[in-house]
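What follows is the content of run35.csv (CSV, C-alpha atoms).
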chain,number,residue,atom,x,y,z
D,1,MET,CA,18.6,16.1,13.9
D,2,GLY,CA,21.5,13.6,13.7
D,3,SER,CA,21.9,10.1,12.6
D,4,PHE,CA,20.5,6.7,13.9
D,5,MET,CA,24.0,5.3,14.3
D,6,GLY,CA,25.1,4.2,17.8
D,7,SER,CA,22.0,5.7,19.4
D,8,ASP,CA,19.7,2.9,20.3
D,9,THR,CA,20.2,1.2,23.5
D,10,THR,CA,18.1,-1.4,25.3
D,11,ASN,CA,17.2,-1.4,29.0
D,12,ALA,CA,17.2,-5.1,29.9
D,13,SER,CA,15.0,-4.6,32.9
D,14,ALA,CA,12.2,-3.1,30.8
D,15,PRO,CA,11.7,-4.8,27.4
D,16,ARG,CA,11.0,-2.2,24.8
D,17,PRO,CA,8.1,-2.8,22.5
D,18,VAL,CA,7.9,-3.1,18.7
D,19,LEU,CA,5.7,-0.4,17.1
D,20,ILE,CA,3.5,-1.9,14.4
D,21,ALA,CA,2.1,0.7,12.0
D,22,GLY,CA,-1.0,-0.5,10.3
D,23,GLY,CA,-1.3,-3.3,12.9
D,24,ALA,CA,-5.1,-3.4,12.7
D,25,GLY,CA,-5.0,-4.3,9.0
D,26,TYR,CA,-5.0,-7.8,7.4
D,27,ILE,CA,-1.3,-8.7,7.5
D,28,GLY,CA,-0.6,-6.3,10.4
D,29,SER,CA,-3.1,-8.0,12.7
D,30,HIS,CA,-1.6,-11.4,12.1
D,31,THR,CA,1.9,-10.1,12.8
D,32,VAL,CA,0.6,-8.4,16.0
D,33,ARG,CA,-0.8,-11.8,17.0
D,34,LEU,CA,2.5,-13.6,16.4
D,35,PHE,CA,4.5,-11.1,18.5
D,36,ALA,CA,1.9,-11.1,21.3
D,37,ALA,CA,1.9,-14.9,21.3
D,38,ARG,CA,5.6,-14.9,21.9
D,39,GLY,CA,5.2,-12.6,24.8
D,40,GLU,CA,6.7,-9.6,23.1
D,41,PRO,CA,5.2,-6.2,23.9
D,42,VAL,CA,3.8,-4.3,20.9
D,43,VAL,CA,2.3,-0.9,20.3
D,44,VAL,CA,-0.1,-0.7,17.4
D,45,VAL,CA,-0.6,2.5,15.5
D,46,ASP,CA,-3.5,2.6,13.0
D,47,ASN,CA,-5.9,5.3,11.8
D,48,LEU,CA,-8.5,2.6,11.2
D,49,SER,CA,-9.2,3.9,7.6
D,50,THR,CA,-9.0,0.3,6.4
D,51,GLY,CA,-8.0,-1.6,9.6
D,52,HIS,CA,-10.4,-3.0,12.2
D,53,ARG,CA,-10.3,-2.5,15.9
D,54,ASP,CA,-12.0,-5.8,16.3
D,55,ALA,CA,-9.1,-7.6,14.5
D,56,LEU,CA,-6.8,-6.4,17.3
D,57,ARG,CA,-9.2,-7.4,20.1
D,58,ARG,CA,-9.2,-10.9,18.7
D,59,ALA,CA,-5.5,-11.0,17.8
D,60,ALA,CA,-4.0,-9.5,20.9
D,61,PRO,CA,-6.3,-7.8,23.4
D,62,GLN,CA,-3.3,-6.9,25.6
D,63,ALA,CA,-1.6,-4.9,22.8
D,64,VAL,CA,-1.3,-1.1,23.3
D,65,PHE,CA,-3.4,0.6,20.6
D,66,ALA,CA,-3.2,4.3,19.5
D,67,GLN,CA,-5.5,5.6,16.7
D,68,VAL,CA,-3.0,7.9,15.0
D,69,ASN,CA,-2.5,9.0,11.5
D,70,LEU,CA,1.2,8.7,10.4
D,71,LEU,CA,0.9,12.2,8.9
D,72,ASP,CA,0.5,13.6,12.4
D,73,ARG,CA,4.1,14.2,13.5
D,74,ALA,CA,3.3,15.6,16.9
D,75,ALA,CA,1.3,12.5,17.8
D,76,LEU,CA,4.1,10.2,16.6
D,77,ASP,CA,6.7,12.1,18.6
D,78,ALA,CA,4.5,11.7,21.7
D,79,LEU,CA,4.1,8.0,21.1
D,80,PHE,CA,7.8,7.4,20.6
D,81,ALA,CA,8.6,9.4,23.8
D,82,GLN,CA,6.0,7.5,25.8
D,83,HIS,CA,6.8,3.9,24.6
D,84,GLN,CA,10.4,4.1,23.3
D,85,PRO,CA,9.9,1.3,20.8
D,86,ARG,CA,13.1,-0.6,19.8
D,87,ALA,CA,11.9,-1.0,16.2
D,88,VAL,CA,9.1,-0.4,13.8
D,89,ILE,CA,7.2,-2.8,11.4
D,90,HIS,CA,5.5,-0.7,8.8
D,91,PHE,CA,2.3,-2.0,7.1
D,92,ALA,CA,0.3,1.2,6.9
D,93,ALA,CA,-0.5,2.2,3.3
D,94,ARG,CA,-3.2,2.6,0.7
D,95,ALA,CA,-3.1,-0.5,-1.4
D,96,TYR,CA,-5.7,-0.5,-4.2
D,97,VAL,CA,-4.1,-0.3,-7.6
D,98,GLY,CA,-7.2,1.0,-9.4
D,99,GLU,CA,-7.7,3.7,-6.8
D,100,SER,CA,-4.1,4.8,-7.1
D,101,VAL,CA,-4.6,5.4,-10.8
D,102,THR,CA,-7.7,7.7,-10.2
D,103,ASP,CA,-6.4,9.4,-7.1
D,104,PRO,CA,-2.6,9.3,-7.1
D,105,ALA,CA,-2.3,12.3,-4.8
D,106,ARG,CA,-3.8,10.3,-2.0
D,107,TYR,CA,-1.3,7.6,-2.6
D,108,TYR,CA,1.7,9.9,-2.6
D,109,ARG,CA,0.4,11.6,0.6
D,110,GLU,CA,-0.7,8.5,2.6
D,111,ASN,CA,2.1,6.2,1.4
D,112,VAL,CA,5.2,8.3,0.7
D,113,VAL,CA,4.7,11.5,2.8
D,114,ALA,CA,3.4,9.4,5.8
D,115,THR,CA,6.4,7.1,5.6
D,116,PHE,CA,8.7,10.1,5.5
D,117,THR,CA,7.0,11.5,8.6
D,118,LEU,CA,7.4,8.2,10.4
D,119,LEU,CA,11.1,8.0,9.5
D,120,GLU,CA,11.6,11.5,10.8
D,121,ALA,CA,9.9,10.6,14.0
D,122,MET,CA,12.1,7.5,14.3
D,123,ARG,CA,15.2,9.5,13.6
D,124,ALA,CA,14.3,12.1,16.3
D,125,ALA,CA,13.7,9.2,18.8
D,126,ASN,CA,16.8,7.3,17.8
D,127,CYS,CA,14.8,4.3,16.7
D,128,SER,CA,17.0,2.8,14.0
D,129,LYS,CA,15.3,-0.4,12.8
D,130,LEU,CA,12.4,-0.7,10.3
D,131,VAL,CA,10.8,-3.6,8.6
D,132,PHE,CA,8.8,-2.3,5.6
D,133,SER,CA,5.9,-4.0,3.8
D,134,SER,CA,6.8,-3.6,0.2
D,135,THR,CA,5.3,-5.4,-2.8
D,136,CYS,CA,6.0,-7.3,-6.0
D,137,ALA,CA,4.1,-4.4,-7.7
D,138,THR,CA,7.5,-2.6,-7.7
D,139,TYR,CA,8.6,-4.9,-10.5
D,140,GLY,CA,5.8,-4.0,-12.9
D,141,GLN,CA,5.4,-6.2,-16.0
D,142,PRO,CA,7.8,-9.1,-15.6
D,143,VAL,CA,10.6,-9.3,-18.2
D,144,ARG,CA,11.5,-12.7,-17.0
D,145,LEU,CA,10.0,-15.4,-14.8
D,146,PRO,CA,10.2,-16.3,-12.1
D,147,ILE,CA,10.8,-12.9,-10.5
D,148,ASP,CA,13.9,-12.7,-8.3
D,149,GLU,CA,15.1,-9.7,-6.3
D,150,ALA,CA,17.4,-8.6,-9.1
D,151,HIS,CA,14.5,-8.2,-11.5
D,152,PRO,CA,14.3,-4.6,-12.8
D,153,GLN,CA,11.9,-2.5,-10.8
D,154,ALA,CA,9.6,-0.6,-13.2
D,155,PRO,CA,6.1,-0.3,-11.5
D,156,ILE,CA,3.2,0.5,-13.8
D,157,SER,CA,0.8,1.9,-11.2
D,158,PRO,CA,1.0,4.8,-8.8
D,159,TYR,CA,0.6,2.3,-6.0
D,160,GLY,CA,3.7,0.4,-7.1
D,161,ARG,CA,5.6,3.6,-7.7
D,162,THR,CA,4.9,4.9,-4.1
D,163,LYS,CA,6.3,1.6,-2.7
D,164,LEU,CA,9.4,1.9,-4.8
D,165,HIS,CA,9.8,5.6,-3.8
D,166,ILE,CA,9.7,4.4,-0.2
D,167,GLU,CA,12.3,1.7,-0.9
D,168,HIS,CA,14.6,4.4,-2.3
D,169,MET,CA,14.0,6.6,0.7
D,170,LEU,CA,14.9,3.8,3.0
D,171,GLU,CA,18.1,3.2,1.1
D,172,ASP,CA,19.0,6.9,1.3
D,173,PHE,CA,18.2,7.1,5.0
D,174,GLY,CA,20.3,4.0,5.5
D,175,ARG,CA,23.3,5.4,3.7
D,176,ALA,CA,23.1,8.9,5.2
D,177,TYR,CA,21.7,8.3,8.7
D,178,GLY,CA,22.4,4.7,9.6
D,179,LEU,CA,18.8,3.4,9.3
D,180,ARG,CA,18.8,-0.4,9.3
D,181,TYR,CA,15.9,-1.7,7.3
D,182,ALA,CA,14.3,-4.7,5.6
D,183,ALA,CA,12.1,-4.3,2.5
D,184,LEU,CA,9.9,-7.4,2.0
D,185,ARG,CA,8.3,-7.6,-1.4
D,186,TYR,CA,5.4,-9.9,-1.3
D,187,PHE,CA,3.2,-11.5,-3.8
D,188,ASN,CA,-0.5,-12.3,-3.2
D,189,ALA,CA,-1.3,-12.4,0.6
D,190,ALA,CA,-4.0,-14.9,1.3
D,191,GLY,CA,-5.6,-17.1,3.9
D,192,ALA,CA,-6.4,-16.5,7.6
D,193,ALA,CA,-5.3,-17.6,11.0
D,194,GLN,CA,-5.6,-21.4,11.2
D,195,ASP,CA,-8.0,-21.2,14.2
D,196,GLY,CA,-10.3,-18.9,12.3
D,197,THR,CA,-10.2,-16.0,14.7
D,198,ILE,CA,-8.8,-13.3,12.3
D,199,GLY,CA,-8.6,-13.1,8.6
D,200,GLU,CA,-9.2,-11.0,5.5
D,201,HIS,CA,-11.9,-8.3,5.4
D,202,HIS,CA,-11.5,-5.5,3.0
D,203,ASP,CA,-14.2,-3.0,1.9
D,204,PRO,CA,-14.4,-3.2,-1.0
D,205,GLU,CA,-13.0,-6.7,-1.3
D,206,THR,CA,-10.8,-7.0,-4.4
D,207,HIS,CA,-8.8,-10.2,-3.6
D,208,LEU,CA,-9.6,-13.4,-5.5
D,209,ILE,CA,-9.8,-16.0,-2.7
D,210,PRO,CA,-12.3,-14.2,-0.5
D,211,LEU,CA,-14.4,-13.1,-3.5
D,212,VAL,CA,-14.6,-16.8,-4.7
D,213,LEU,CA,-15.5,-18.0,-1.2
D,214,GLN,CA,-18.2,-15.3,-0.8
D,215,VAL,CA,-19.8,-16.9,-3.9
D,216,ALA,CA,-19.6,-20.4,-2.2
D,217,ALA,CA,-21.2,-18.9,0.9
D,218,GLY,CA,-24.1,-17.4,-1.1
D,219,GLN,CA,-23.0,-13.8,-0.4
D,220,ARG,CA,-22.3,-13.2,-4.1
D,221,ALA,CA,-24.0,-14.6,-7.2
D,222,GLU,CA,-20.9,-15.2,-9.2
D,223,ILE,CA,-17.2,-14.6,-9.6
D,224,GLN,CA,-16.0,-12.6,-12.5
D,225,VAL,CA,-12.9,-14.0,-14.4
D,226,PHE,CA,-11.1,-11.1,-16.1
D,227,GLY,CA,-9.8,-12.6,-19.3
D,228,ASP,CA,-9.4,-16.2,-20.4
D,229,ASP,CA,-7.1,-15.7,-23.3
D,230,TYR,CA,-3.8,-15.1,-21.6
D,231,ASP,CA,-0.7,-17.1,-22.5
D,232,THR,CA,-1.2,-19.6,-19.7
D,233,PRO,CA,-2.3,-23.3,-19.7
D,234,ASP,CA,-6.0,-22.4,-19.0
D,235,GLY,CA,-6.0,-18.9,-20.4
D,236,THR,CA,-6.4,-17.2,-17.0
D,237,CYS,CA,-3.9,-15.2,-14.9
D,238,ILE,CA,-1.4,-17.0,-12.7
D,239,ARG,CA,-0.4,-15.7,-9.3
D,240,ASP,CA,1.8,-16.7,-6.4
D,241,TYR,CA,-0.4,-17.0,-3.2
D,242,ILE,CA,1.4,-16.7,0.2
D,243,HIS,CA,-0.3,-17.5,3.5
D,244,VAL,CA,-0.7,-14.5,5.8
D,245,GLU,CA,0.8,-16.4,8.7
D,246,ASP,CA,3.9,-17.1,6.7
D,247,LEU,CA,4.1,-13.4,5.9
D,248,ALA,CA,3.8,-12.6,9.6
D,249,ARG,CA,6.6,-15.0,10.4
D,250,ALA,CA,8.9,-13.4,7.8
D,251,HIS,CA,8.5,-10.0,9.4
D,252,ALA,CA,9.5,-11.4,12.7
D,253,LEU,CA,12.6,-13.1,11.2
D,254,ALA,CA,13.5,-9.9,9.3
D,255,LEU,CA,13.4,-7.9,12.5
D,256,ALA,CA,15.6,-10.5,14.2
D,257,LYS,CA,18.0,-10.2,11.4
D,258,LEU,CA,18.3,-6.4,11.8
D,259,GLU,CA,18.6,-6.8,15.6
D,260,GLY,CA,21.4,-9.3,14.9
D,261,GLY,CA,23.4,-6.6,13.1
D,262,ALA,CA,22.2,-6.7,9.5
D,263,GLU,CA,22.1,-3.2,7.9
D,264,ARG,CA,19.8,-4.0,4.9
D,265,VAL,CA,17.6,-6.9,3.9
D,266,VAL,CA,15.7,-7.0,0.6
D,267,ALA,CA,13.7,-10.2,-0.1
D,268,ASN,CA,10.7,-11.5,-2.1
D,269,LEU,CA,8.1,-13.3,-0.1
D,270,GLY,CA,6.3,-16.0,-2.2
D,271,THR,CA,6.1,-19.7,-2.6
D,272,GLY,CA,7.6,-20.0,-6.1
D,273,GLU,CA,4.4,-21.7,-7.2
D,274,GLY,CA,1.8,-20.1,-9.4
D,275,TYR,CA,-1.9,-20.9,-9.6
D,276,SER,CA,-4.4,-19.7,-12.2
D,277,VAL,CA,-7.7,-18.0,-11.4
D,278,LEU,CA,-9.5,-21.2,-12.6
D,279,GLN,CA,-7.3,-23.4,-10.3
D,280,VAL,CA,-8.2,-21.2,-7.4
D,281,ILE,CA,-11.9,-21.5,-8.2
D,282,GLU,CA,-11.5,-25.3,-8.4
D,283,ALA,CA,-9.7,-25.5,-5.1
D,284,ALA,CA,-12.5,-23.5,-3.5
D,285,ARG,CA,-15.1,-25.9,-4.9
D,286,ARG,CA,-13.2,-28.8,-3.4
D,287,VAL,CA,-12.7,-27.2,0.0
D,288,THR,CA,-16.3,-25.9,0.3
D,289,GLY,CA,-18.1,-28.7,-1.5
D,290,ARG,CA,-20.3,-26.0,-3.0
D,291,PRO,CA,-21.0,-24.8,-6.5
D,292,ILE,CA,-19.3,-21.5,-7.6
D,293,ALA,CA,-20.8,-19.7,-10.6
D,294,VAL,CA,-18.3,-18.2,-13.0
D,295,ARG,CA,-18.7,-15.3,-15.5
D,296,LYS,CA,-15.9,-14.6,-17.9
D,297,VAL,CA,-15.5,-11.0,-18.8
D,298,ALA,CA,-12.9,-8.8,-20.6
D,299,ARG,CA,-9.4,-8.5,-19.4
D,300,ARG,CA,-8.5,-5.7,-16.9
D,301,ALA,CA,-5.8,-3.2,-18.1
D,302,GLY,CA,-2.4,-3.9,-16.6
D,303,ASP,CA,-2.9,-7.4,-15.4
D,304,PRO,CA,0.3,-9.4,-16.2
D,305,ALA,CA,-0.3,-13.0,-17.3
D,306,ARG,CA,2.0,-14.5,-14.7
D,307,LEU,CA,3.5,-13.2,-11.4
D,308,VAL,CA,5.5,-15.8,-9.6
D,309,SER,CA,8.3,-15.3,-7.1
D,310,GLY,CA,11.7,-16.8,-7.8
D,311,GLY,CA,13.6,-15.1,-5.0
D,312,THR,CA,15.8,-17.1,-2.7
D,313,GLN,CA,16.9,-14.2,-0.5
D,314,ALA,CA,14.2,-14.9,2.2
D,315,SER,CA,15.6,-18.4,2.6
D,316,ALA,CA,19.2,-17.4,2.4
D,317,LEU,CA,19.1,-14.3,4.6
D,318,LEU,CA,16.2,-15.0,7.0
D,319,GLY,CA,16.0,-18.8,7.1
D,320,TRP,CA,12.4,-18.4,6.0
D,321,THR,CA,10.4,-20.9,3.9
D,322,PRO,CA,6.6,-21.0,3.7
D,323,GLN,CA,5.1,-23.5,6.1
D,324,ARG,CA,1.6,-23.4,4.7
D,325,ALA,CA,2.1,-23.1,0.9
D,326,ALA,CA,-0.5,-25.6,-0.4
D,327,LEU,CA,-3.3,-23.7,-2.2
D,328,GLU,CA,-6.0,-25.9,-0.6
D,329,ASP,CA,-4.6,-25.1,2.9
D,330,ILE,CA,-4.7,-21.4,2.2
D,331,VAL,CA,-8.3,-21.6,0.8
D,332,ARG,CA,-9.3,-23.9,3.7
D,333,ASP,CA,-8.1,-21.4,6.3
D,334,ALA,CA,-9.9,-18.5,4.5
D,335,TRP,CA,-13.1,-20.6,4.3
D,336,ASN,CA,-12.9,-21.4,8.1
D,337,PHE,CA,-12.7,-17.7,8.9
D,338,LEU,CA,-15.6,-16.8,6.6
D,339,GLN,CA,-17.8,-19.6,8.1
D,340,ARG,CA,-17.0,-18.4,11.6
D,341,HIS,CA,-17.3,-14.7,10.8
D,342,PRO,CA,-19.6,-14.3,7.8
D,343,ASN,CA,-19.6,-10.6,8.2
D,344,GLY,CA,-15.9,-10.3,8.9
D,345,TYR,CA,-15.3,-7.8,11.7
D,346,ALA,CA,-18.5,-6.5,13.2
D,347,GLU,CA,-17.7,-3.2,14.8
Represent the structure from my file as structure tokens, please.
Amino acid sequence: MGSFMGSDTTNASAPRPVLIAGGAGYIGSHTVRLFAARGEPVVVVDNLSTGHRDALRRAAPQAVFAQVNLLDRAALDALFAQHQPRAVIHFAARAYVGESVTDPARYYRENVVATFTLLEAMRAANCSKLVFSSTCATYGQPVRLPIDEAHPQAPISPYGRTKLHIEHMLEDFGRAYGLRYAALRYFNAAGAAQDGTIGEHHDPETHLIPLVLQVAAGQRAEIQVFGDDYDTPDGTCIRDYIHVEDLARAHALALAKLEGGAERVVANLGTGEGYSVLQVIEAARRVTGRPIAVRKVARRAGDPARLVSGGTQASALLGWTPQRAALEDIVRDAWNFLQRHPNGYAE
């Protein structure tokens, strides 16, 4: 098997699709929707372990879908041969920090080994461009704030380590084989499509905004606040929340950058603004007009007091700035989705 270099050509008479791995998931489905809305053909690959077929039906019913596990090399080879994608956007991964601590083998297999298998299939098919869904978890406990792209990467969970291993793999494949790639390290994905058609639905749900809104909707009795004695203005953890539609747009811009000739793009995706847990709860009360019961409990191990993006590379390299950065807008879109689809995706 050779290199990627000089191997990928485009037949102008037949536009080649973008293969979106994990495209039935939360961020993936919003990205599929964006590409489909632009009239670009997409092929979605997802094993549906955490993704939802119904998300794709709502996001882009015309998208080609294949229920395939990325560990299945033969199935990937067949897909690449059939559809000849011009590039891959890779969201597929296990992403629960706590689960990664108790079952690291699953994370190394389904994140690292699966990505290696995908890269080998890409190399065999001479598909040379990849946009990778990385994470601010690769930075670990911050040694300075805000966190820019030059911040040391010292992840503290197996989840973060698997993502960093993949970044190293992409770098090595780029140097040796000519892979052109973007690694997008994002902070806290949140919100939903502005029209309420698709949104966030995890099982179990671990993200703060949907959990708070489920209390407002009467689906949960209370929201637990893990620690109120951090070194922050109100004692609760501060995070940088980025709207899922802004994330989708960043992936499209990253792919365009690679297709324009860039060899490597590394960028944080965040707003540069941090909001505390209590500020999120107050925003949800304002948006919903409903009471939200709070119970304060002990800290969780490993939760940094503050995680806020300070990167400028997304703006400088991609021309990307968040368009829906206000916390209340993010919460309002998530609330709209929950009201329209109280059970998320019914399959």
Could you work out how far atom CA of D:Thr138 lies from atom CA of D:Pro155, giving the answer in Å with one decimal? 4.7 Å
Counting only C-alpha atoms, the residue among D:Arg299, D:His52, D:Arg161, D:Arg239 that lies closest to D:Tyr26 is D:His52
Hey, what's within 12 Å of D:Glu205 if we count all atoms listed in the file and toss same-chain stuff fewer than 3 positions away? As a VMD selection string, please? chain D and resid 26 50 95 to 96 200 to 202 208 to 214 220 344
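Take atom CA of D:Phe226 and atom CA of D:Val297: the distance between them is 5.2 Å.
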Skipping near chain neighbours, those fewer than 2 positions away, what residues fall within 8 Å of stretch 126-129 of chain D using only C-alpha atoms, listed as a list in words? Ser3, Phe4, Met5, Ser7, Asp8, Gln84, Pro85, Arg86, Ala87, Val88, Met122, Arg123, Ala124, Val131, Gly178, Leu179, Arg180, Tyr181, Leu255, Leu258 and Glu259 of chain D
Find the distance between atom CA of D:Ala24 and atom CA of D:Glu245 and write it in Å to one decimal. 14.8 Å
Using all atoms listed in the file, which protein or nucleic acid residues come within 12 Å of D:Arg144? Drop anything in the same chain fewer than 4 positions from it, and give the result as a PyMOL selection string. chain D and resi 139-140+148-153+304-310
Let me make sure I understand: among D:Tyr241, D:Trp320, D:Phe116, D:Tyr230, which one has the smallest atom-to-atom distance to D:His168 if we use all atoms listed in the file? D:Phe116
Tell me, as number ranges by chain, which residues lie within 7 Å of stretch 274-277 of chain D, counting only C-alpha atoms; anything in the same chain fewer than 4 positions away does not count. D: 236-240, 281, 308
So which residues fall inside 12 Å of (8.6, -3.8, 26.1) if we count all atoms listed in the file? Mind giving them as an mmCIF file with C-alpha atoms, in the coordinates of the input?
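This went into part-v1.cif:
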data_model
loop_
_atom_site.group_PDB
_atom_site.id
_atom_site.type_symbol
_atom_site.label_atom_id
_atom_site.label_comp_id
_atom_site.auth_asym_id
_atom_site.auth_seq_id
_atom_site.Cartn_x
_atom_site.Cartn_y
_atom_site.Cartn_z
ATOM 1 C CA THR D 10 18.100 -1.400 25.300
ATOM 2 C CA ASN D 11 17.200 -1.400 29.000
ATOM 3 C CA ALA D 12 17.200 -5.100 29.900
ATOM 4 C CA SER D 13 15.000 -4.600 32.900
ATOM 5 C CA ALA D 14 12.200 -3.100 30.800
ATOM 6 C CA PRO D 15 11.700 -4.800 27.400
ATOM 7 C CA ARG D 16 11.000 -2.200 24.800
ATOM 8 C CA PRO D 17 8.100 -2.800 22.500
ATOM 9 C CA VAL D 18 7.900 -3.100 18.700
ATOM 10 C CA LEU D 19 5.700 -0.400 17.100
ATOM 11 C CA PHE D 35 4.500 -11.100 18.500
ATOM 12 C CA ALA D 36 1.900 -11.100 21.300
ATOM 13 C CA GLY D 39 5.200 -12.600 24.800
ATOM 14 C CA GLU D 40 6.700 -9.600 23.100
ATOM 15 C CA PRO D 41 5.200 -6.200 23.900
ATOM 16 C CA VAL D 42 3.800 -4.300 20.900
ATOM 17 C CA VAL D 43 2.300 -0.900 20.300
ATOM 18 C CA ALA D 63 -1.600 -4.900 22.800
ATOM 19 C CA VAL D 64 -1.300 -1.100 23.300
ATOM 20 C CA GLN D 82 6.000 7.500 25.800
ATOM 21 C CA HIS D 83 6.800 3.900 24.600
ATOM 22 C CA GLN D 84 10.400 4.100 23.300
ATOM 23 C CA PRO D 85 9.900 1.300 20.800
ATOM 24 C CA ARG D 86 13.100 -0.600 19.800
ATOM 25 C CA ALA D 87 11.900 -1.000 16.200
#
